[in-house]
$ cat coords-v1.cif   # mmCIF, C-alpha atoms
data_work
#
loop_
_atom_site.group_PDB
_atom_site.id
_atom_site.type_symbol
_atom_site.label_atom_id
_atom_site.label_comp_id
_atom_site.auth_asym_id
_atom_site.auth_seq_id
_atom_site.Cartn_x
_atom_site.Cartn_y
_atom_site.Cartn_z
ATOM 1 C CA MET E 1 0.000 0.000 0.000
ATOM 2 C CA ILE E 2 1.275 3.476 -0.914
ATOM 3 C CA GLN E 3 0.511 6.268 1.509
ATOM 4 C CA TYR E 4 1.155 9.998 1.398
ATOM 5 C CA LEU E 5 3.102 11.334 4.384
ATOM 6 C CA PRO E 6 3.531 15.021 5.243
ATOM 7 C CA TYR E 7 7.016 16.079 6.355
ATOM 8 C CA GLU E 8 6.413 15.685 10.094
ATOM 9 C CA LYS E 9 5.204 12.092 9.662
ATOM 10 C CA ILE E 10 8.271 10.844 7.760
ATOM 11 C CA ASP E 11 10.585 8.536 9.683
ATOM 12 C CA LYS E 12 13.914 9.846 8.402
ATOM 13 C CA HIS E 13 15.901 6.932 9.774
ATOM 14 C CA ARG E 14 13.827 4.399 7.833
ATOM 15 C CA TRP E 15 13.735 6.722 4.828
ATOM 16 C CA ASP E 16 17.523 6.965 4.653
ATOM 17 C CA GLU E 17 17.837 3.246 5.222
ATOM 18 C CA CYS E 18 15.621 2.683 2.188
ATOM 19 C CA ILE E 19 17.743 5.003 0.031
ATOM 20 C CA ALA E 20 20.965 3.387 1.271
ATOM 21 C CA HIS E 21 19.715 -0.096 0.364
ATOM 22 C CA SER E 22 17.888 0.796 -2.844
ATOM 23 C CA PHE E 23 19.399 -0.632 -6.010
ATOM 24 C CA ASN E 24 18.885 2.850 -7.543
ATOM 25 C CA GLY E 25 19.698 4.945 -4.481
ATOM 26 C CA ILE E 26 21.286 8.314 -5.127
ATOM 27 C CA ILE E 27 22.515 11.146 -2.942
ATOM 28 C CA TYR E 28 19.776 13.597 -3.950
ATOM 29 C CA ALA E 29 17.178 11.395 -2.229
ATOM 30 C CA TYR E 30 18.636 11.298 1.300
ATOM 31 C CA SER E 31 16.585 13.174 3.881
ATOM 32 C CA TRP E 32 19.363 15.652 4.725
ATOM 33 C CA TYR E 33 19.779 16.522 1.045
ATOM 34 C CA LEU E 34 16.034 17.002 0.565
ATOM 35 C CA ASP E 35 15.907 19.103 3.756
ATOM 36 C CA THR E 36 18.497 21.386 2.164
ATOM 37 C CA VAL E 37 17.032 21.783 -1.312
ATOM 38 C CA CYS E 38 13.317 21.567 -0.428
ATOM 39 C CA PRO E 39 12.510 22.261 3.237
ATOM 40 C CA GLY E 40 9.189 20.714 4.252
ATOM 41 C CA TRP E 41 9.164 18.071 1.512
ATOM 42 C CA SER E 42 6.616 15.283 1.805
ATOM 43 C CA ALA E 43 6.584 11.738 0.458
ATOM 44 C CA LEU E 44 4.867 8.684 -0.911
ATOM 45 C CA VAL E 45 5.863 5.567 1.037
ATOM 46 C CA GLU E 46 5.014 1.959 0.219
ATOM 47 C CA ASN E 47 4.567 -0.523 3.069
ATOM 48 C CA ASP E 48 7.377 -0.245 5.642
ATOM 49 C CA TYR E 49 9.590 2.040 3.527
ATOM 50 C CA GLU E 50 10.079 -0.661 0.923
ATOM 51 C CA ARG E 51 9.764 1.929 -1.836
ATOM 52 C CA VAL E 52 9.669 5.718 -1.548
ATOM 53 C CA PHE E 53 9.023 8.781 -3.692
ATOM 54 C CA PRO E 54 9.956 12.288 -2.467
ATOM 55 C CA ILE E 55 7.324 14.966 -3.065
ATOM 56 C CA THR E 56 9.094 18.282 -3.656
ATOM 57 C CA SER E 57 6.367 20.899 -3.551
ATOM 58 C CA ARG E 58 5.653 24.589 -3.279
ATOM 59 C CA LYS E 59 2.553 26.719 -3.038
ATOM 60 C CA LYS E 60 2.103 29.961 -4.935
ATOM 61 C CA PHE E 61 -1.029 32.049 -5.473
ATOM 62 C CA GLY E 62 -2.957 29.290 -3.713
ATOM 63 C CA ILE E 63 -1.720 26.634 -6.173
ATOM 64 C CA ASN E 64 0.076 23.519 -4.940
ATOM 65 C CA TYR E 65 2.655 22.299 -7.432
ATOM 66 C CA LEU E 66 5.606 19.912 -7.691
ATOM 67 C CA TYR E 67 8.955 21.109 -9.003
ATOM 68 C CA GLN E 68 12.515 19.851 -9.385
ATOM 69 C CA PRO E 69 14.770 21.543 -6.802
ATOM 70 C CA CYS E 70 18.119 22.979 -7.876
ATOM 71 C CA PHE E 71 21.141 20.660 -7.575
ATOM 72 C CA SER E 72 18.993 17.514 -7.547
ATOM 73 C CA GLN E 73 18.949 16.209 -11.078
ATOM 74 C CA GLN E 74 17.016 12.990 -10.451
ATOM 75 C CA LEU E 75 14.456 11.877 -7.887
ATOM 76 C CA GLY E 76 11.402 9.648 -8.504
ATOM 77 C CA VAL E 77 10.830 6.144 -7.120
ATOM 78 C CA PHE E 78 13.534 4.408 -5.065
ATOM 79 C CA SER E 79 13.187 0.745 -4.235
ATOM 80 C CA LYS E 80 14.873 -1.915 -2.123
ATOM 81 C CA ASN E 81 13.336 -4.578 -4.364
ATOM 82 C CA VAL E 82 12.394 -5.157 -7.975
ATOM 83 C CA LEU E 83 10.959 -2.068 -9.636
ATOM 84 C CA ASN E 84 8.883 -2.492 -12.779
ATOM 85 C CA ASP E 85 6.875 -0.140 -14.981
ATOM 86 C CA ASN E 86 3.627 -0.867 -13.150
ATOM 87 C CA LYS E 87 5.113 0.098 -9.793
ATOM 88 C CA VAL E 88 6.405 3.406 -11.145
ATOM 89 C CA GLU E 89 3.021 4.130 -12.709
ATOM 90 C CA HIS E 90 1.273 3.304 -9.435
ATOM 91 C CA PHE E 91 3.419 5.871 -7.622
ATOM 92 C CA LEU E 92 2.740 8.545 -10.237
ATOM 93 C CA GLU E 93 -0.996 7.875 -9.970
ATOM 94 C CA SER E 94 -0.743 8.116 -6.156
ATOM 95 C CA ILE E 95 0.495 11.726 -6.150
ATOM 96 C CA PRO E 96 -2.227 13.654 -4.279
ATOM 97 C CA LYS E 97 -4.744 15.362 -6.553
ATOM 98 C CA LYS E 98 -4.173 18.712 -4.840
ATOM 99 C CA PHE E 99 -0.980 19.076 -6.903
ATOM 100 C CA LYS E 100 -2.417 20.498 -10.116
ATOM 101 C CA LEU E 101 0.924 21.268 -11.748
ATOM 102 C CA ILE E 102 3.766 18.740 -11.817
ATOM 103 C CA GLU E 103 7.244 18.972 -13.341
ATOM 104 C CA VAL E 104 9.572 16.518 -11.603
ATOM 105 C CA ASN E 105 12.467 14.381 -12.785
ATOM 106 C CA LEU E 106 12.427 10.641 -12.287
ATOM 107 C CA ASN E 107 15.656 8.644 -12.158
ATOM 108 C CA THR E 108 17.247 6.546 -14.895
ATOM 109 C CA TYR E 109 15.696 3.350 -13.466
ATOM 110 C CA ASN E 110 12.126 4.707 -13.538
ATOM 111 C CA LYS E 111 10.334 3.552 -16.667
ATOM 112 C CA ALA E 112 6.620 3.815 -17.426
ATOM 113 C CA ASN E 113 4.158 3.767 -20.295
ATOM 114 C CA ILE E 114 5.111 6.796 -22.382
ATOM 115 C CA SER E 115 1.699 6.873 -24.070
ATOM 116 C CA LYS E 116 -0.025 7.000 -20.674
ATOM 117 C CA PHE E 117 1.988 9.838 -19.139
ATOM 118 C CA ASN E 118 3.459 13.095 -20.350
ATOM 119 C CA PHE E 119 7.236 12.607 -20.264
ATOM 120 C CA LEU E 120 10.134 14.720 -21.464
ATOM 121 C CA ALA E 121 13.358 12.785 -22.096
ATOM 122 C CA ASN E 122 16.569 14.207 -20.600
ATOM 123 C CA LYS E 123 20.149 13.018 -20.952
ATOM 124 C CA THR E 124 22.930 12.397 -18.518
ATOM 125 C CA TYR E 125 26.299 10.717 -19.112
ATOM 126 C CA GLU E 126 27.844 8.017 -16.942
ATOM 127 C CA LEU E 127 31.254 6.360 -16.853
ATOM 128 C CA ASP E 128 31.977 3.104 -15.022
ATOM 129 C CA LEU E 129 35.348 3.392 -13.279
ATOM 130 C CA ILE E 130 35.869 -0.328 -12.655
ATOM 131 C CA LEU E 131 38.410 -0.628 -15.498
ATOM 132 C CA SER E 132 42.088 0.280 -15.282
ATOM 133 C CA TYR E 133 43.046 3.880 -15.964
ATOM 134 C CA GLU E 134 44.852 2.814 -19.144
ATOM 135 C CA ASN E 135 41.655 1.235 -20.490
ATOM 136 C CA LEU E 136 39.580 4.248 -19.518
ATOM 137 C CA TYR E 137 42.060 6.681 -21.077
ATOM 138 C CA SER E 138 42.053 4.727 -24.344
ATOM 139 C CA ASN E 139 38.380 5.659 -24.771
ATOM 140 C CA TYR E 140 38.984 9.410 -24.531
ATOM 141 C CA THR E 141 38.548 11.487 -27.663
ATOM 142 C CA GLU E 142 41.641 12.958 -29.273
ATOM 143 C CA ASN E 143 40.401 16.427 -28.315
ATOM 144 C CA ASN E 144 40.379 15.560 -24.608
ATOM 145 C CA LYS E 145 43.801 13.956 -24.881
ATOM 146 C CA ARG E 146 45.141 17.141 -26.507
ATOM 147 C CA ASN E 147 43.625 19.273 -23.741
ATOM 148 C CA ILE E 148 45.252 17.120 -21.067
ATOM 149 C CA LYS E 149 48.648 17.443 -22.772
ATOM 150 C CA LEU E 150 48.113 21.199 -23.045
ATOM 151 C CA ALA E 151 47.384 21.389 -19.313
ATOM 152 C CA LEU E 152 50.566 19.462 -18.551
ATOM 153 C CA ARG E 153 52.613 21.812 -20.748
ATOM 154 C CA SER E 154 50.978 24.724 -18.901
ATOM 155 C CA HIS E 155 52.202 23.214 -15.598
ATOM 156 C CA LEU E 156 48.741 23.032 -14.060
ATOM 157 C CA GLN E 157 48.319 21.231 -10.748
ATOM 158 C CA ILE E 158 45.289 19.632 -9.125
ATOM 159 C CA ILE E 159 45.000 20.504 -5.447
ATOM 160 C CA PRO E 160 42.492 19.451 -2.752
ATOM 161 C CA LEU E 161 40.328 22.220 -1.289
ATOM 162 C CA ASP E 162 38.722 22.405 2.150
ATOM 163 C CA ASN E 163 35.598 24.146 0.838
ATOM 164 C CA ALA E 164 34.067 25.398 -2.392
ATOM 165 C CA ASP E 165 33.709 29.092 -1.565
ATOM 166 C CA ALA E 166 36.467 30.153 -3.981
ATOM 167 C CA LEU E 167 34.984 27.993 -6.760
ATOM 168 C CA ILE E 168 31.518 29.471 -6.268
ATOM 169 C CA HIS E 169 33.081 32.942 -6.445
ATOM 170 C CA ILE E 170 34.823 32.046 -9.724
ATOM 171 C CA PHE E 171 31.571 30.704 -11.138
ATOM 172 C CA ARG E 172 29.544 33.778 -10.154
ATOM 173 C CA THR E 173 32.227 36.096 -11.540
ATOM 174 C CA HIS E 174 32.315 34.367 -14.927
ATOM 175 C CA ARG E 175 29.631 31.887 -16.053
ATOM 176 C CA GLY E 176 27.149 33.028 -13.415
ATOM 177 C CA LYS E 177 26.932 36.508 -14.882
ATOM 178 C CA THR E 178 25.117 35.148 -17.915
ATOM 179 C CA LEU E 179 22.642 33.021 -15.938
ATOM 180 C CA THR E 180 19.296 34.337 -14.751
ATOM 181 C CA THR E 181 18.112 30.999 -13.372
ATOM 182 C CA LEU E 182 20.395 30.968 -10.310
ATOM 183 C CA LYS E 183 19.556 33.408 -7.519
ATOM 184 C CA ASP E 184 21.396 34.272 -4.292
ATOM 185 C CA ILE E 185 19.322 31.704 -2.390
ATOM 186 C CA ASP E 186 20.389 28.977 -4.840
ATOM 187 C CA TYR E 187 24.069 29.693 -4.205
ATOM 188 C CA GLU E 188 23.405 29.537 -0.460
ATOM 189 C CA ILE E 189 21.715 26.166 -0.919
ATOM 190 C CA LEU E 190 24.718 24.940 -2.930
ATOM 191 C CA LYS E 191 27.071 26.032 -0.143
ATOM 192 C CA ARG E 192 24.991 24.163 2.444
ATOM 193 C CA ILE E 193 24.909 20.989 0.331
ATOM 194 C CA ILE E 194 28.690 21.063 0.037
ATOM 195 C CA GLN E 195 29.253 21.895 3.715
ATOM 196 C CA ILE E 196 27.060 18.998 4.862
ATOM 197 C CA SER E 197 28.675 16.666 2.322
ATOM 198 C CA ILE E 198 32.102 17.598 3.697
ATOM 199 C CA PHE E 199 30.877 16.885 7.241
ATOM 200 C CA LYS E 200 29.535 13.505 6.123
ATOM 201 C CA LYS E 201 32.815 12.773 4.262
ATOM 202 C CA LYS E 202 31.027 12.460 0.940
ATOM 203 C CA ALA E 203 32.576 15.423 -0.888
ATOM 204 C CA HIS E 204 35.678 15.573 -3.080
ATOM 205 C CA ILE E 205 36.635 19.190 -3.813
ATOM 206 C CA LEU E 206 39.467 19.776 -6.256
ATOM 207 C CA GLY E 207 41.019 23.001 -7.458
ATOM 208 C CA ILE E 208 43.087 23.730 -10.557
ATOM 209 C CA GLN E 209 46.183 25.801 -9.836
ATOM 210 C CA THR E 210 48.288 27.566 -12.459
ATOM 211 C CA LYS E 211 52.093 27.652 -12.356
ATOM 212 C CA THR E 212 51.842 31.127 -10.779
ATOM 213 C CA GLY E 213 49.691 29.772 -7.944
ATOM 214 C CA ASN E 214 46.405 31.190 -9.229
ATOM 215 C CA LEU E 215 43.249 29.154 -8.674
ATOM 216 C CA CYS E 216 41.681 29.125 -12.136
ATOM 217 C CA GLY E 217 38.886 26.623 -11.510
ATOM 218 C CA GLY E 218 37.826 23.412 -9.872
ATOM 219 C CA ALA E 219 34.996 20.993 -9.234
ATOM 220 C CA VAL E 220 32.905 19.351 -6.523
ATOM 221 C CA PHE E 221 32.175 15.616 -6.648
ATOM 222 C CA ILE E 222 29.774 13.971 -4.187
ATOM 223 C CA GLU E 223 29.843 10.228 -3.534
ATOM 224 C CA SER E 224 27.210 7.759 -2.343
ATOM 225 C CA ASN E 225 25.640 4.428 -3.355
ATOM 226 C CA ASN E 226 28.636 3.488 -5.558
ATOM 227 C CA LYS E 227 28.104 6.615 -7.621
ATOM 228 C CA ILE E 228 30.009 9.890 -7.836
ATOM 229 C CA ILE E 229 28.066 12.945 -8.953
ATOM 230 C CA PHE E 230 29.910 15.719 -10.795
ATOM 231 C CA LEU E 231 27.866 18.279 -8.874
ATOM 232 C CA PHE E 232 29.495 21.618 -9.642
ATOM 233 C CA SER E 233 32.411 23.109 -11.536
ATOM 234 C CA ALA E 234 33.843 26.531 -12.241
ATOM 235 C CA VAL E 235 36.523 27.970 -14.526
ATOM 236 C CA ASP E 236 37.849 31.431 -15.220
ATOM 237 C CA LYS E 237 38.940 32.807 -18.617
ATOM 238 C CA GLU E 238 42.451 31.360 -18.317
ATOM 239 C CA ALA E 239 41.122 27.873 -17.608
ATOM 240 C CA LYS E 240 39.153 27.916 -20.847
ATOM 241 C CA THR E 241 42.365 28.113 -22.854
ATOM 242 C CA ASN E 242 44.709 25.729 -21.029
ATOM 243 C CA GLY E 243 42.751 22.455 -20.915
ATOM 244 C CA ALA E 244 42.092 22.834 -17.184
ATOM 245 C CA MET E 245 38.743 21.033 -16.849
ATOM 246 C CA SER E 246 39.762 18.099 -19.054
ATOM 247 C CA PHE E 247 42.883 17.795 -16.904
ATOM 248 C CA LEU E 248 40.887 17.870 -13.648
ATOM 249 C CA ILE E 249 38.386 15.224 -14.755
ATOM 250 C CA ASP E 250 41.185 13.026 -16.078
ATOM 251 C CA SER E 251 43.016 13.356 -12.744
ATOM 252 C CA PHE E 252 39.852 12.377 -10.884
ATOM 253 C CA ILE E 253 39.299 9.374 -13.138
ATOM 254 C CA LYS E 254 42.929 8.305 -12.664
ATOM 255 C CA GLN E 255 42.594 8.590 -8.885
ATOM 256 C CA ASN E 256 39.397 6.495 -8.803
ATOM 257 C CA ALA E 257 40.060 3.960 -11.563
ATOM 258 C CA GLN E 258 39.439 0.290 -10.685
ATOM 259 C CA ARG E 259 36.906 1.235 -8.009
ATOM 260 C CA ASN E 260 33.352 -0.096 -8.129
ATOM 261 C CA LEU E 261 32.008 3.344 -8.901
ATOM 262 C CA THR E 262 30.073 5.121 -11.610
ATOM 263 C CA LEU E 263 30.933 8.719 -12.413
ATOM 264 C CA ASP E 264 27.745 10.614 -13.287
ATOM 265 C CA PHE E 265 28.519 13.812 -15.179
ATOM 266 C CA GLU E 266 25.005 15.101 -14.315
ATOM 267 C CA GLY E 267 24.042 16.135 -17.831
ATOM 268 C CA SER E 268 23.589 17.429 -20.282
ATOM 269 C CA ASN E 269 20.924 18.272 -22.861
ATOM 270 C CA ASN E 270 23.326 20.972 -24.027
ATOM 271 C CA ARG E 271 25.042 19.667 -27.171
ATOM 272 C CA GLU E 272 28.488 21.114 -26.406
ATOM 273 C CA LEU E 273 28.543 19.801 -22.834
ATOM 274 C CA ALA E 274 27.268 16.426 -23.995
ATOM 275 C CA ARG E 275 30.135 16.198 -26.503
ATOM 276 C CA PHE E 276 32.612 17.097 -23.740
ATOM 277 C CA TYR E 277 31.301 14.424 -21.352
ATOM 278 C CA ARG E 278 31.158 11.775 -24.080
ATOM 279 C CA GLY E 279 34.782 12.633 -24.743
ATOM 280 C CA PHE E 280 35.740 10.675 -21.612
ATOM 281 C CA GLY E 281 34.138 7.485 -22.901
ATOM 282 C CA SER E 282 30.924 7.934 -20.966
ATOM 283 C CA LYS E 283 27.613 6.457 -22.105
ATOM 284 C CA GLU E 284 24.362 8.327 -22.622
ATOM 285 C CA CYS E 285 21.591 7.566 -20.107
ATOM 286 C CA ILE E 286 17.989 8.753 -20.326
ATOM 287 C CA TYR E 287 15.872 9.952 -17.423
ATOM 288 C CA TYR E 288 12.383 11.375 -17.759
ATOM 289 C CA GLN E 289 10.689 14.478 -16.491
ATOM 290 C CA TYR E 290 7.091 13.774 -15.553
ATOM 291 C CA ARG E 291 4.764 16.629 -16.488
ATOM 292 C CA LYS E 292 1.139 17.170 -15.617
ATOM 293 C CA ASN E 293 -0.898 20.340 -15.863
ATOM 294 C CA GLU E 294 -4.485 20.321 -14.584
ATOM 295 C CA LEU E 295 -4.703 24.040 -13.932
ATOM 296 C CA PRO E 296 -7.664 26.038 -15.196
ATOM 297 C CA PHE E 297 -7.296 27.034 -18.857
ATOM 298 C CA ILE E 298 -6.356 30.685 -18.187
ATOM 299 C CA LEU E 299 -3.637 29.762 -15.663
ATOM 300 C CA LYS E 300 -2.294 27.047 -17.954
ATOM 301 C CA LYS E 301 -1.883 29.545 -20.799
ATOM 302 C CA SER E 302 -0.290 32.125 -18.465
ATOM 303 C CA ILE E 303 2.351 29.652 -17.287
ATOM 304 C CA THR E 304 3.149 28.668 -20.886
ATOM 305 C CA PHE E 305 3.629 32.338 -21.780
ATOM 306 C CA ILE E 306 5.882 33.018 -18.753
ATOM 307 C CA LYS E 307 8.096 30.041 -19.688
ATOM 308 C CA TRP E 308 8.361 31.315 -23.263
ATOM 309 C CA ILE E 309 9.466 34.747 -22.001
ATOM 310 C CA ARG E 310 12.121 33.169 -19.740
ATOM 311 C CA GLN E 311 13.493 31.054 -22.611
ATOM 312 C CA LYS E 312 13.803 34.190 -24.760
ATOM 313 C CA LYS E 313 15.732 35.972 -21.989
ATOM 314 C CA ASN E 314 18.150 33.071 -21.631
#
$ encode --input "coords-v1.cif" --output "structure tokens"
Amino acid sequence: MIQYLPYEKIDKHRWDECIAHSFNGIIYAYSWYLDTVCPGWSALVENDYERVFPITSRKKFGINYLYQPCFSQQLGVFSKNVLNDNKVEHFLESIPKKFKLIEVNLNTYNKANISKFNFLANKTYELDLILSYENLYSNYTENNKRNIKLALRSHLQIIPLDNADALIHIFRTHRGKTLTTLKDIDYEILKRIIQISIFKKKAHILGIQTKTGNLCGGAVFIESNNKIIFLFSAVDKEAKTNGAMSFLIDSFIKQNAQRNLTLDFEGSNNRELARFYRGFGSKECIYYQYRKNELPFILKKSITFIKWIRQKKN
């Protein structure tokens, strides 16, 4: 039996135990992570936390809706046992009717009848690290290999960092200036995710240092459930010309080769980023966004128009 539980009724210990023992468990679904990205989240729970589905909701203008929180690429149904299409569909049908607007991402193991539900396919790229570094490197594209050699000639070094504050500053100074989707609160949420991950010994934070000692970029990786998420990265103008990010990812792969881990690049639908991630020999994986809109006609049209305006701005 699937039941809907408001936040205060969720047993977080049993919830986290379910995520830890789920064959498709992922860091975004742990209670502490959900507390950070979506305070007050609720849930669908089957039996004694055999399967779970986080409900990430907000309320605006009197409308209850489900959304995908920042820095949590995939959620959906997580299961300790076999998970088939019918089970996923049952969970989707069990979302309370009060949520008239739904746009949430399922995970790569959540499949359902495409003709029965409104799905949008998204891409992520994953690389199994179980092979030797030499085998992994042999699958790199020539472009990535050239970038790594360029970084070596530029005398770049990969250094561990205690926190990601400097990387977030680099990002906001450069790439962040062109983004309208990330607000101050989103950067604060990112900082909290990283701080808690450091405390829980799940974060790997690496910086890229030039031969003059300048920090020109870096990345944050978060590990759980035999998977490492490439959560966040930043580069300055110099790093875009010296092969810095290719060098950092290659160094991380070298350090973790022959471990029973999967590196999830966390995207992307962007063609250029997808080409970059595939350049490390990663494979394309599909996850679906579940969409449902049962708002009154006027509101439905208004939301469509607002989204169109935002796309034009970006």
$ resolve_selection --input "coords-v1.cif" --expression "the PyMOL selection byres ((chain E and resi 203) around 10)" --output "ChimeraX atom specification"
/E:162-163,193-202,204-206,220-224,228-229,231
$ resolve_selection --input "coords-v1.cif" --expression "the PyMOL selection byres ((chain E and resi 52-56) around 7)" --output "list in words"
Cys38, Trp41, Ser42, Ala43, Leu44, Val45, Glu46, Tyr49, Glu50, Arg51, Ser57, Leu66, Tyr67, Gln68, Gly76, Val77, Phe78 and Ser79 of chain E
$ write_last_selection --input "coords-v1.cif" --atoms "C-alpha atoms" --output "mmCIF file, keeping the file's coordinate frame"
data_model
loop_
_atom_site.group_PDB
_atom_site.id
_atom_site.type_symbol
_atom_site.label_atom_id
_atom_site.label_comp_id
_atom_site.auth_asym_id
_atom_site.auth_seq_id
_atom_site.Cartn_x
_atom_site.Cartn_y
_atom_site.Cartn_z
ATOM 1 C CA CYS E 38 13.317 21.567 -0.428
ATOM 2 C CA TRP E 41 9.164 18.071 1.512
ATOM 3 C CA SER E 42 6.616 15.283 1.805
ATOM 4 C CA ALA E 43 6.584 11.738 0.458
ATOM 5 C CA LEU E 44 4.867 8.684 -0.911
ATOM 6 C CA VAL E 45 5.863 5.567 1.037
ATOM 7 C CA GLU E 46 5.014 1.959 0.219
ATOM 8 C CA TYR E 49 9.590 2.040 3.527
ATOM 9 C CA GLU E 50 10.079 -0.661 0.923
ATOM 10 C CA ARG E 51 9.764 1.929 -1.836
ATOM 11 C CA SER E 57 6.367 20.899 -3.551
ATOM 12 C CA LEU E 66 5.606 19.912 -7.691
ATOM 13 C CA TYR E 67 8.955 21.109 -9.003
ATOM 14 C CA GLN E 68 12.515 19.851 -9.385
ATOM 15 C CA GLY E 76 11.402 9.648 -8.504
ATOM 16 C CA VAL E 77 10.830 6.144 -7.120
ATOM 17 C CA PHE E 78 13.534 4.408 -5.065
ATOM 18 C CA SER E 79 13.187 0.745 -4.235
#
$ resolve_selection --input "coords-v1.cif" --expression "the PyMOL selection byres ((chain E and resi 148) around 9)" --output "PyMOL selection string"
chain E and resi 143-147+149-153+242-248+250
$ write_last_selection --input "coords-v1.cif" --atoms "C-alpha atoms" --output "PDB file, keeping the file's coordinate frame"
ATOM      1  CA  ASN E 143      40.401  16.427 -28.315  1.00  0.00           C
ATOM      2  CA  ASN E 144      40.379  15.560 -24.608  1.00  0.00           C
ATOM      3  CA  LYS E 145      43.801  13.956 -24.881  1.00  0.00           C
ATOM      4  CA  ARG E 146      45.141  17.141 -26.507  1.00  0.00           C
ATOM      5  CA  ASN E 147      43.625  19.273 -23.741  1.00  0.00           C
ATOM      6  CA  LYS E 149      48.648  17.443 -22.772  1.00  0.00           C
ATOM      7  CA  LEU E 150      48.113  21.199 -23.045  1.00  0.00           C
ATOM      8  CA  ALA E 151      47.384  21.389 -19.313  1.00  0.00           C
ATOM      9  CA  LEU E 152      50.566  19.462 -18.551  1.00  0.00           C
ATOM     10  CA  ARG E 153      52.613  21.812 -20.748  1.00  0.00           C
ATOM     11  CA  ASN E 242      44.709  25.729 -21.029  1.00  0.00           C
ATOM     12  CA  GLY E 243      42.751  22.455 -20.915  1.00  0.00           C
ATOM     13  CA  ALA E 244      42.092  22.834 -17.184  1.00  0.00           C
ATOM     14  CA  MET E 245      38.743  21.033 -16.849  1.00  0.00           C
ATOM     15  CA  SER E 246      39.762  18.099 -19.054  1.00  0.00           C
ATOM     16  CA  PHE E 247      42.883  17.795 -16.904  1.00  0.00           C
ATOM     17  CA  LEU E 248      40.887  17.870 -13.648  1.00  0.00           C
ATOM     18  CA  ASP E 250      41.185  13.026 -16.078  1.00  0.00           C
TER      19      ASP E 250
END
$ closest_residue --input "coords-v1.cif" --among "E:Val235, E:Leu101, E:Ile26, E:Ala166" --to "Glu294 of chain E" --atoms "all atoms listed in the file"
E:Leu101
$ residues_around --input "coords-v1.cif" --residues "segment 59-64 of chain E" --least-positions-apart "5" --cutoff "7 Å" --atoms "only C-alpha atoms" --output "PDB file with C-alpha atoms, in the coordinates of the input"
ATOM      1  CA  LYS E  98      -4.173  18.712  -4.840  1.00  0.00           C
ATOM      2  CA  PHE E  99      -0.980  19.076  -6.903  1.00  0.00           C
ATOM      3  CA  LYS E 100      -2.417  20.498 -10.116  1.00  0.00           C
TER       4      LYS E 100
END
